[in-house]
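Encoded as structure tokens, the structure appears first; notes follow it.
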Amino acid sequence: MNEFSELDEMYREVILDHYHSPRNNKSLDNPTKEIESNNPFCGDEIKLQVKIQDGIVTEIGLSGRGCAISQASASLMGEALLKNNINDSLKLYKDFRELLTGNLPEDQMDDLGDLIALEGVKKFPIRVKCALLSWSAFNDLIEV
Ligand code: ZN
């Protein structure tokens, strides 16, 4: 995984921390919605469960396996979504996708919080799918 060793040192620590200690790594009993998704290019798998009340994500269950970037991104996403309004989270997804695939204006980067740790992934287009796997699953989950 050569590209991983090229990621910025500080970012790498955040990614490894979430990879080794994934947040919200559990299974929910009665999720409002759930979805499973995978990235065949890398073999990443993710299962996302959410409880939603009044437009707010009140609980998240995440599990999966795959590369460090996909799993760390899912963990970081879980933290960003929890207790948050769904519309705000969908906006966050669009900004995050812009960060990795396009050109997010610099003045909007502060809004991304810890997600900025994955910015270095944009140098490796094949890894962008890994980082976006959980987020696009969340997007699909909300739209169905
Ligand atoms: Zn991957």
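Please note that chains go A, B, ... in the order of the structure tokens, that every chain numbers its residues from 1, and that ligands are numbered from 1 in the order shown.
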Taking only residues of chain A that have an atom at most 9 Å from an atom of ligand 1, what is each one's shortest atom pair and its distance in Å to one decimal, using only C-alpha atoms and all ligand atoms, in chain and number order, as JSON lines?
```
{"residue": "A:Asn39", "atom": "CA", "partner": "ligand 1", "partner_atom_place_in_ligand_line": "1 (Zn)", "distance": 7.1}
{"residue": "A:Pro40", "atom": "CA", "partner": "ligand 1", "partner_atom_place_in_ligand_line": "1 (Zn)", "distance": 8.8}
{"residue": "A:Phe41", "atom": "CA", "partner": "ligand 1", "partner_atom_place_in_ligand_line": "1 (Zn)", "distance": 7.5}
{"residue": "A:Cys42", "atom": "CA", "partner": "ligand 1", "partner_atom_place_in_ligand_line": "1 (Zn)", "distance": 4.6}
{"residue": "A:Gly43", "atom": "CA", "partner": "ligand 1", "partner_atom_place_in_ligand_line": "1 (Zn)", "distance": 6.5}
{"residue": "A:Asp44", "atom": "CA", "partner": "ligand 1", "partner_atom_place_in_ligand_line": "1 (Zn)", "distance": 5.2}
{"residue": "A:Glu45", "atom": "CA", "partner": "ligand 1", "partner_atom_place_in_ligand_line": "1 (Zn)", "distance": 8.7}
{"residue": "A:Gly66", "atom": "CA", "partner": "ligand 1", "partner_atom_place_in_ligand_line": "1 (Zn)", "distance": 5.8}
{"residue": "A:Cys67", "atom": "CA", "partner": "ligand 1", "partner_atom_place_in_ligand_line": "1 (Zn)", "distance": 4.4}
{"residue": "A:Ala68", "atom": "CA", "partner": "ligand 1", "partner_atom_place_in_ligand_line": "1 (Zn)", "distance": 7.0}
{"residue": "A:Ile69", "atom": "CA", "partner": "ligand 1", "partner_atom_place_in_ligand_line": "1 (Zn)", "distance": 6.0}
{"residue": "A:Ser70", "atom": "CA", "partner": "ligand 1", "partner_atom_place_in_ligand_line": "1 (Zn)", "distance": 5.1}
{"residue": "A:Gln71", "atom": "CA", "partner": "ligand 1", "partner_atom_place_in_ligand_line": "1 (Zn)", "distance": 8.0}
{"residue": "A:Ile126", "atom": "CA", "partner": "ligand 1", "partner_atom_place_in_ligand_line": "1 (Zn)", "distance": 8.4}
{"residue": "A:Arg127", "atom": "CA", "partner": "ligand 1", "partner_atom_place_in_ligand_line": "1 (Zn)", "distance": 6.1}
{"residue": "A:Val128", "atom": "CA", "partner": "ligand 1", "partner_atom_place_in_ligand_line": "1 (Zn)", "distance": 8.4}
{"residue": "A:Lys129", "atom": "CA", "partner": "ligand 1", "partner_atom_place_in_ligand_line": "1 (Zn)", "distance": 7.2}
{"residue": "A:Cys130", "atom": "CA", "partner": "ligand 1", "partner_atom_place_in_ligand_line": "1 (Zn)", "distance": 4.1}
{"residue": "A:Ala131", "atom": "CA", "partner": "ligand 1", "partner_atom_place_in_ligand_line": "1 (Zn)", "distance": 7.3}
{"residue": "A:Leu133", "atom": "CA", "partner": "ligand 1", "partner_atom_place_in_ligand_line": "1 (Zn)", "distance": 8.6}
```
Selection export as a compact mmCIF listing (two decimals), in the first residue's frame, atoms kept: all heavy atoms:
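Saved the output as out24.txt:
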```
# COMPACT_ATOMS: atom_id res chain seq x y z
N ASN A 39 -17.12 -2.10 -2.35
CA ASN A 39 -16.29 -1.50 -3.39
C ASN A 39 -15.46 -2.60 -4.03
O ASN A 39 -14.43 -2.98 -3.49
CB ASN A 39 -15.41 -0.43 -2.75
CG ASN A 39 -14.32 0.06 -3.69
OD1 ASN A 39 -14.41 -0.08 -4.90
ND2 ASN A 39 -13.27 0.61 -3.11
N PRO A 40 -15.93 -3.15 -5.16
CA PRO A 40 -15.26 -4.31 -5.75
C PRO A 40 -13.83 -4.03 -6.21
O PRO A 40 -13.04 -4.96 -6.34
CB PRO A 40 -16.16 -4.68 -6.95
CG PRO A 40 -16.97 -3.47 -7.22
CD PRO A 40 -17.10 -2.71 -5.92
N PHE A 41 -13.50 -2.76 -6.41
CA PHE A 41 -12.16 -2.43 -6.88
C PHE A 41 -11.10 -2.74 -5.83
O PHE A 41 -9.94 -2.92 -6.13
CB PHE A 41 -12.07 -0.95 -7.28
CG PHE A 41 -12.95 -0.62 -8.44
CD1 PHE A 41 -14.21 -0.09 -8.24
CD2 PHE A 41 -12.53 -0.87 -9.73
CE1 PHE A 41 -15.04 0.19 -9.32
CE2 PHE A 41 -13.35 -0.58 -10.81
CZ PHE A 41 -14.61 -0.05 -10.60
N CYS A 42 -11.55 -2.75 -4.56
CA CYS A 42 -10.58 -2.90 -3.48
C CYS A 42 -10.98 -4.02 -2.53
O CYS A 42 -10.18 -4.47 -1.72
CB CYS A 42 -10.46 -1.56 -2.74
SG CYS A 42 -9.27 -1.49 -1.43
N GLY A 43 -12.24 -4.47 -2.63
CA GLY A 43 -12.72 -5.51 -1.73
C GLY A 43 -13.25 -4.97 -0.41
O GLY A 43 -13.41 -5.72 0.55
N ASP A 44 -13.53 -3.68 -0.35
CA ASP A 44 -14.05 -3.08 0.88
C ASP A 44 -15.53 -3.39 1.03
O ASP A 44 -16.28 -3.37 0.06
CB ASP A 44 -13.88 -1.56 0.85
CG ASP A 44 -12.47 -1.14 0.54
OD1 ASP A 44 -11.55 -1.78 1.07
OD2 ASP A 44 -12.29 -0.17 -0.22
N GLU A 45 -15.93 -3.63 2.28
CA GLU A 45 -17.34 -3.87 2.59
C GLU A 45 -17.74 -3.00 3.76
O GLU A 45 -16.94 -2.78 4.67
CB GLU A 45 -17.58 -5.34 2.97
CG GLU A 45 -17.29 -6.29 1.85
CD GLU A 45 -17.36 -7.75 2.30
OE1 GLU A 45 -17.87 -8.01 3.41
OE2 GLU A 45 -16.89 -8.60 1.54
N GLY A 66 -12.04 -4.18 5.16
CA GLY A 66 -11.42 -3.66 3.95
C GLY A 66 -10.20 -2.84 4.30
O GLY A 66 -9.66 -2.96 5.41
N CYS A 67 -9.80 -2.00 3.38
CA CYS A 67 -8.56 -1.26 3.57
C CYS A 67 -8.72 -0.18 4.65
O CYS A 67 -9.83 0.19 5.02
CB CYS A 67 -8.12 -0.63 2.26
SG CYS A 67 -9.16 0.73 1.71
N ALA A 68 -7.62 0.32 5.12
CA ALA A 68 -7.62 1.31 6.21
C ALA A 68 -8.40 2.55 5.82
O ALA A 68 -9.12 3.12 6.65
CB ALA A 68 -6.18 1.69 6.56
N ILE A 69 -8.28 2.97 4.58
CA ILE A 69 -8.95 4.20 4.18
C ILE A 69 -10.47 4.03 4.20
O ILE A 69 -11.20 4.88 4.70
CB ILE A 69 -8.44 4.67 2.80
CG1 ILE A 69 -7.01 5.21 2.96
CG2 ILE A 69 -9.35 5.74 2.20
CD1 ILE A 69 -6.28 5.44 1.66
N SER A 70 -10.96 2.91 3.70
CA SER A 70 -12.41 2.70 3.68
C SER A 70 -12.98 2.60 5.09
O SER A 70 -14.04 3.16 5.39
CB SER A 70 -12.77 1.44 2.87
OG SER A 70 -12.36 0.26 3.54
N GLN A 71 -12.27 1.89 5.95
CA GLN A 71 -12.80 1.66 7.31
C GLN A 71 -12.65 2.91 8.17
O GLN A 71 -13.54 3.24 8.97
CB GLN A 71 -12.11 0.46 7.95
CG GLN A 71 -12.26 -0.84 7.14
CD GLN A 71 -13.72 -1.20 6.84
OE1 GLN A 71 -14.56 -1.24 7.72
NE2 GLN A 71 -14.02 -1.43 5.55
N ILE A 126 -7.76 6.00 -7.34
CA ILE A 126 -8.33 4.68 -7.10
C ILE A 126 -8.77 4.52 -5.65
O ILE A 126 -9.66 3.73 -5.34
CB ILE A 126 -7.34 3.57 -7.52
CG1 ILE A 126 -8.07 2.23 -7.65
CG2 ILE A 126 -6.17 3.46 -6.55
CD1 ILE A 126 -7.59 1.43 -8.83
N ARG A 127 -8.16 5.29 -4.76
CA ARG A 127 -8.52 5.23 -3.34
C ARG A 127 -9.73 6.10 -3.00
O ARG A 127 -10.28 5.99 -1.91
CB ARG A 127 -7.34 5.69 -2.48
CG ARG A 127 -6.19 4.73 -2.50
CD ARG A 127 -6.44 3.57 -1.56
NE ARG A 127 -5.42 2.58 -1.73
CZ ARG A 127 -5.56 1.31 -1.37
NH1 ARG A 127 -6.68 0.90 -0.83
NH2 ARG A 127 -4.59 0.47 -1.55
N VAL A 128 -10.09 6.98 -3.91
CA VAL A 128 -11.23 7.86 -3.63
C VAL A 128 -12.50 7.03 -3.44
O VAL A 128 -13.33 7.32 -2.58
CB VAL A 128 -11.39 8.91 -4.75
CG1 VAL A 128 -12.71 9.67 -4.61
CG2 VAL A 128 -10.22 9.90 -4.70
N LYS A 129 -12.63 5.97 -4.22
CA LYS A 129 -13.78 5.08 -4.06
C LYS A 129 -13.82 4.47 -2.66
O LYS A 129 -14.89 4.25 -2.09
CB LYS A 129 -13.74 3.95 -5.09
CG LYS A 129 -14.21 4.36 -6.47
CD LYS A 129 -14.22 3.14 -7.39
CE LYS A 129 -14.37 3.51 -8.83
NZ LYS A 129 -15.60 4.23 -9.15
N CYS A 130 -12.65 4.15 -2.13
CA CYS A 130 -12.57 3.60 -0.77
C CYS A 130 -13.11 4.60 0.25
O CYS A 130 -13.90 4.27 1.12
CB CYS A 130 -11.12 3.26 -0.43
SG CYS A 130 -10.33 2.11 -1.56
N ALA A 131 -12.66 5.85 0.10
CA ALA A 131 -13.03 6.88 1.07
C ALA A 131 -14.50 7.25 0.96
O ALA A 131 -15.11 7.65 1.95
CB ALA A 131 -12.15 8.12 0.87
N LEU A 133 -16.98 5.17 -0.08
CA LEU A 133 -17.88 4.02 0.01
C LEU A 133 -18.98 4.20 1.06
O LEU A 133 -20.17 4.07 0.78
CB LEU A 133 -17.07 2.75 0.32
CG LEU A 133 -17.88 1.48 0.59
CD1 LEU A 133 -18.64 1.04 -0.66
CD2 LEU A 133 -16.97 0.34 1.07
```
For the helix (DSSP H, G or I) assignment from backbone DSSP, which residues of chain A qualify? Please present them as a ChimeraX atom specification. /A:2-6,9-20,68-81,86-101,106-123,125-143
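Of the listed residues (A:Ala80, A:Leu99, A:Ala74, A:Ile60), A:Ala74 comes nearest to Ile15 of chain A; the distances count only C-alpha atoms.
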Just want the 9 Å neighbourhood of segment 19-35 of chain A, counted on only C-alpha atoms, with same-chain residues fewer than 4 positions away dropped. Output as a ChimeraX atom specification. /A:14-15,46-53,59-64,67-76,78-79,137-138,140-142
Please identify which residues in segment 57-130 of chain A DSSP calls strand (DSSP E or B) from the backbone, and express them as a list in words. Val57, Thr58, Glu59, Ile60, Gly61, Leu62, Ser63, Gly64, Arg65 and Asn85 of chain A
Quote the spacing between atom CA of Leu7 of chain A and atom CA of Val121 of chain A in Å to one decimal place. 7.5 Å
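Coordinates place atom CA of Tyr93 of chain A at a distance of 16.2 Å from atom CA of Gly55 of chain A.
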Leaving out Lys94 of chain A and any residue of its chain fewer than 6 positions from it, which residues lie within 12 Å of it when counting only C-alpha atoms, given as a PDB file with N, CA, C and O atoms, in the first residue's frame?
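Saved file out_21.pdb follows:
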```pdb
ATOM      1  N   ASN A  87     -30.159  16.615   6.618  1.00  0.00           N
ATOM      2  CA  ASN A  87     -29.876  17.536   5.507  1.00  0.00           C
ATOM      3  C   ASN A  87     -28.479  18.132   5.622  1.00  0.00           C
ATOM      4  O   ASN A  87     -27.775  18.288   4.621  1.00  0.00           O
ATOM      5  N   ASP A  88     -28.068  18.442   6.849  1.00  0.00           N
ATOM      6  CA  ASP A  88     -26.709  18.945   7.045  1.00  0.00           C
ATOM      7  C   ASP A  88     -25.688  17.872   6.674  1.00  0.00           C
ATOM      8  O   ASP A  88     -24.629  18.160   6.114  1.00  0.00           O
ATOM      9  N   LEU A 100     -12.497  15.449  -2.341  1.00  0.00           N
ATOM     10  CA  LEU A 100     -11.730  14.316  -2.878  1.00  0.00           C
ATOM     11  C   LEU A 100     -11.726  14.245  -4.398  1.00  0.00           C
ATOM     12  O   LEU A 100     -10.837  13.638  -4.986  1.00  0.00           O
ATOM     13  N   THR A 101     -12.729  14.816  -5.045  1.00  0.00           N
ATOM     14  CA  THR A 101     -12.831  14.649  -6.496  1.00  0.00           C
ATOM     15  C   THR A 101     -12.773  15.966  -7.240  1.00  0.00           C
ATOM     16  O   THR A 101     -12.526  15.997  -8.435  1.00  0.00           O
ATOM     17  N   GLY A 102     -13.032  17.044  -6.563  1.00  0.00           N
ATOM     18  CA  GLY A 102     -13.085  18.315  -7.258  1.00  0.00           C
ATOM     19  C   GLY A 102     -12.252  19.346  -6.557  1.00  0.00           C
ATOM     20  O   GLY A 102     -11.158  19.062  -6.085  1.00  0.00           O
ATOM     21  N   ASN A 103     -12.799  20.499  -6.468  1.00  0.00           N
ATOM     22  CA  ASN A 103     -12.078  21.588  -5.833  1.00  0.00           C
ATOM     23  C   ASN A 103     -12.974  22.267  -4.820  1.00  0.00           C
ATOM     24  O   ASN A 103     -13.702  23.190  -5.146  1.00  0.00           O
ATOM     25  N   LEU A 104     -12.899  21.810  -3.608  1.00  0.00           N
ATOM     26  CA  LEU A 104     -13.667  22.463  -2.555  1.00  0.00           C
ATOM     27  C   LEU A 104     -12.970  23.776  -2.213  1.00  0.00           C
ATOM     28  O   LEU A 104     -11.779  23.784  -1.925  1.00  0.00           O
ATOM     29  N   GLN A 108     -14.292  26.632   2.769  1.00  0.00           N
ATOM     30  CA  GLN A 108     -15.305  25.664   3.225  1.00  0.00           C
ATOM     31  C   GLN A 108     -14.679  24.456   3.908  1.00  0.00           C
ATOM     32  O   GLN A 108     -15.375  23.595   4.421  1.00  0.00           O
ATOM     33  N   ASP A 111     -15.342  23.511   7.694  1.00  0.00           N
ATOM     34  CA  ASP A 111     -16.599  22.856   8.060  1.00  0.00           C
ATOM     35  C   ASP A 111     -16.464  21.340   8.109  1.00  0.00           C
ATOM     36  O   ASP A 111     -17.328  20.657   8.651  1.00  0.00           O
ATOM     37  N   LEU A 112     -15.415  20.802   7.531  1.00  0.00           N
ATOM     38  CA  LEU A 112     -15.295  19.340   7.433  1.00  0.00           C
ATOM     39  C   LEU A 112     -14.746  18.685   8.700  1.00  0.00           C
ATOM     40  O   LEU A 112     -14.827  17.467   8.841  1.00  0.00           O
ATOM     41  N   LEU A 132     -15.069   7.109  -0.236  1.00  0.00           N
ATOM     42  CA  LEU A 132     -16.459   7.531  -0.434  1.00  0.00           C
ATOM     43  C   LEU A 132     -17.460   6.397  -0.256  1.00  0.00           C
ATOM     44  O   LEU A 132     -18.671   6.630  -0.262  1.00  0.00           O
ATOM     45  N   TRP A 135     -19.920   6.898   2.603  1.00  0.00           N
ATOM     46  CA  TRP A 135     -20.713   8.111   2.383  1.00  0.00           C
ATOM     47  C   TRP A 135     -21.753   7.911   1.296  1.00  0.00           C
ATOM     48  O   TRP A 135     -22.888   8.374   1.425  1.00  0.00           O
ATOM     49  N   SER A 136     -21.379   7.240   0.221  1.00  0.00           N
ATOM     50  CA  SER A 136     -22.377   7.034  -0.828  1.00  0.00           C
ATOM     51  C   SER A 136     -23.435   6.049  -0.348  1.00  0.00           C
ATOM     52  O   SER A 136     -24.599   6.141  -0.728  1.00  0.00           O
ATOM     53  N   PHE A 138     -24.515   5.981   2.743  1.00  0.00           N
ATOM     54  CA  PHE A 138     -25.387   6.846   3.543  1.00  0.00           C
ATOM     55  C   PHE A 138     -26.347   7.620   2.641  1.00  0.00           C
ATOM     56  O   PHE A 138     -27.553   7.712   2.887  1.00  0.00           O
ATOM     57  N   ASN A 139     -25.812   8.154   1.558  1.00  0.00           N
ATOM     58  CA  ASN A 139     -26.630   8.899   0.614  1.00  0.00           C
ATOM     59  C   ASN A 139     -27.738   8.016   0.041  1.00  0.00           C
ATOM     60  O   ASN A 139     -28.907   8.411  -0.017  1.00  0.00           O
TER      61      ASN A 139
END
```
